[in-house]
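Reviewing the structure listed below.
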Amino acid sequence: MNFKDILKMEIDSISLFSKKTVTPSGAIFYDERLADKYFHNYFLVTNEIKDTSDLILYELEHKHKGFVIFRFEGIDTSHLTFLNDYKEETYGYYVANIVDLHFASPNVCDIEIVDPASDDAFFQFMYQDSLPFGEGYARGNAKRHQEVLIEHKPHFFYLKLTHEHQIIGHINAYIQGSVAKIDEYYVKEDYQKQGFGTALMSNMIDKLKKQSVKEVYLVTDLEDTAKDLYVRMGYKHVGTFKQYQKMFKND
């Protein structure tokens, strides 16, 4: 899997949720049903910048929503002085041939595919977990995921992790042919470093193998210690992108 393949998967996966508008510098993604979710609403910059007018216009048109995010894929940003007051983060792409992934004796626990049409407990868990970001956001996030999962089943699906009759984690995958993106890999803090996360990832890989997936990748913040776990599993760091975020007062 090369960078071009990854970028296509990134665009296709975000397009499950967000409408794409092409610009000279790249593409704008906007989720009209969940406009306050950071990772559904951003400007993806993929072309060398000769004119910043579309970037400046995006900031002007979107700052009233409370935030503006630019994501630069292999593009030099050193000359973009208007980004000086943005928060910069670096993310990494981690790729693996599925046969090269290995897991150290994962816990035996209850992991199953979420049925988006009937699994109310899962979407209640998603709602509760998002409540720190506000009632409206939490309700919209759970509802939006349910809609998209129903529409794109079985190529987009979640696994839920249950312990002592309580949901404590989840992971999702988006499949295109023999390639899959793994995302939303999460275990509640009180249950981390106990083998639950390993079990969740191992179970996902087993299910992807049964669907003839050959290669997988995921994205993580390079400041996050999870990247070391991925390397131990067999993932390899193959590239990075820069993300710039700025918060605005929402009048």
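Here, A, B, ... name the chains of the structure tokens in the order displayed, residue numbers run from 1 inside each chain, and ligands are numbered from 1 in the same displayed order.
Assigned to alpha helix (DSSP H) in stretch 104-167 of chain A, given DSSP computed from backbone atoms, are A:Asp120, A:Ala121, A:Phe122, A:Phe123, A:Gln124, A:Phe125, A:Met126, A:Tyr127, A:Gln128, A:Asp129, A:Ser130, A:Glu135, A:Gly136, A:Tyr137, A:Ala138, A:Arg139, A:Gly140, A:Asn141, A:Ala142, A:Lys143, A:Arg144, A:His145, A:Gln146, A:Glu147, A:Val148, A:Leu149, A:Ile150, A:Glu151, A:His152.
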Query raised in the report: How would you write, as an MDAnalysis selection string, the set of residues in stretch 130-195 of chain A that DSSP gives as strand (DSSP E or B)?
Result: chainID A and resid 156:163 166:176 179:187
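Using only C-alpha atoms, the nearest neighbour of A:Phe156 within the list A:Gly140, A:Pro132, A:Pro116, A:Gly234 is A:Pro116.
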Query raised in the report: Restricting the calculation to only C-alpha atoms, which member of A:Phe3, A:Lys65, A:Phe29, A:Lys143 is positioned closest to A:Ser15?
Result: A:Phe29
**Report entry** Spatial neighbours of A:Gln194, 12 Å, only C-alpha atoms, chain gap at least 2 places, as a count of residues only
**Finding:** 18
Query - Residues near A:Leu101, cut-off 12 Å, only C-alpha atoms, skip fewer than 2 positions along chain, as a PyMOL selection string - result: chain A and resi 94-99+103-104+198+201-206+209+214-217+229-236
Report task. Would you mind listing what lies within 10 Å of A:His170 as a PyMOL selection string, with only C-alpha atoms counted and same-chain residues fewer than 5 positions away left out? Result -> chain A and resi 111-114+122+125-126+158-162+183-188+197+200-201
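Minimum atom-to-atom distances from A:Phe43, A:Tyr38, A:Tyr58, A:Phe70 to A:Phe133 were compared using only C-alpha atoms, and the lowest value belongs to A:Tyr38.
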Report task. Write out as a list of chain:residue names each polymer residue whose atoms come within 7 Å of A:Tyr93, counting only C-alpha atoms; drop sequence neighbours fewer than 3 positions from it. Result -> A:Tyr217, A:Leu218, A:Val219, A:Thr220, A:His237, A:Val238, A:Gly239, A:Thr240
Report summary line: Atom pair atom CA of A:Gly92 + atom CA of A:Lys37, distance 20.5 Å
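Using only C-alpha atoms, the nearest neighbour of A:Tyr127 within the list A:Asp115, A:His145, A:Lys207, A:Glu48 is A:His145.
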Query raised in the report: Closest to A:Thr90 among A:Ile171, A:Lys242, A:Lys181, A:Ala138, using only C-alpha atoms?
Result: A:Lys242
Report summary line: atom CA of A:Ile150 to atom CA of A:Phe67 measures 29.0 Å
Query raised in the report: Leaving out A:Thr77 and any residue of its chain fewer than 3 positions from it, which residues lie within 12 Å of it when counting only C-alpha atoms, given as an NGL selection string?
Result: :A and (45-50 or 52 or 70-74 or 80-84 or 86 or 88 or 241-244)
Output for the residues just chosen: C-alpha atoms as a compact mmCIF listing (two decimals), in the first residue's frame:
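Result file follows (selection21.txt):
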# COMPACT_ATOMS: atom_id res chain seq x y z
CA VAL A 45 -4.68 20.21 1.25
CA THR A 46 -3.09 17.88 -1.31
CA ASN A 47 -1.77 20.26 -3.98
CA GLU A 48 1.25 22.55 -3.90
CA ILE A 49 0.06 25.99 -2.81
CA LYS A 50 0.60 28.77 -5.34
CA THR A 52 -3.72 30.84 -0.63
CA PHE A 70 -6.45 22.37 7.78
CA ARG A 71 -4.85 19.01 7.02
CA PHE A 72 -1.73 19.07 4.83
CA GLU A 73 -0.67 15.89 3.05
CA GLY A 74 3.02 16.20 2.16
CA LEU A 80 1.98 30.03 5.38
CA THR A 81 2.25 32.73 8.01
CA PHE A 82 -1.51 32.78 8.67
CA LEU A 83 -1.06 29.36 10.32
CA ASN A 84 1.27 30.77 12.98
CA TYR A 86 -2.93 27.60 14.75
CA GLU A 88 0.01 22.12 14.93
CA PHE A 241 0.58 14.52 7.73
CA LYS A 242 0.28 17.87 9.51
CA GLN A 243 -2.95 19.16 10.96
CA TYR A 244 -3.56 22.77 12.02
**Report entry** Point-to-point distance from atom CA of A:Asp110 to atom CA of A:Gly169, Å rounded to tenths
**Finding:** 10.7 Å
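Distances to A:Ile6 were evaluated for A:Asp54, A:Phe39, A:His165, A:Gln176 using only C-alpha atoms, and the minimum falls at A:Gln176.
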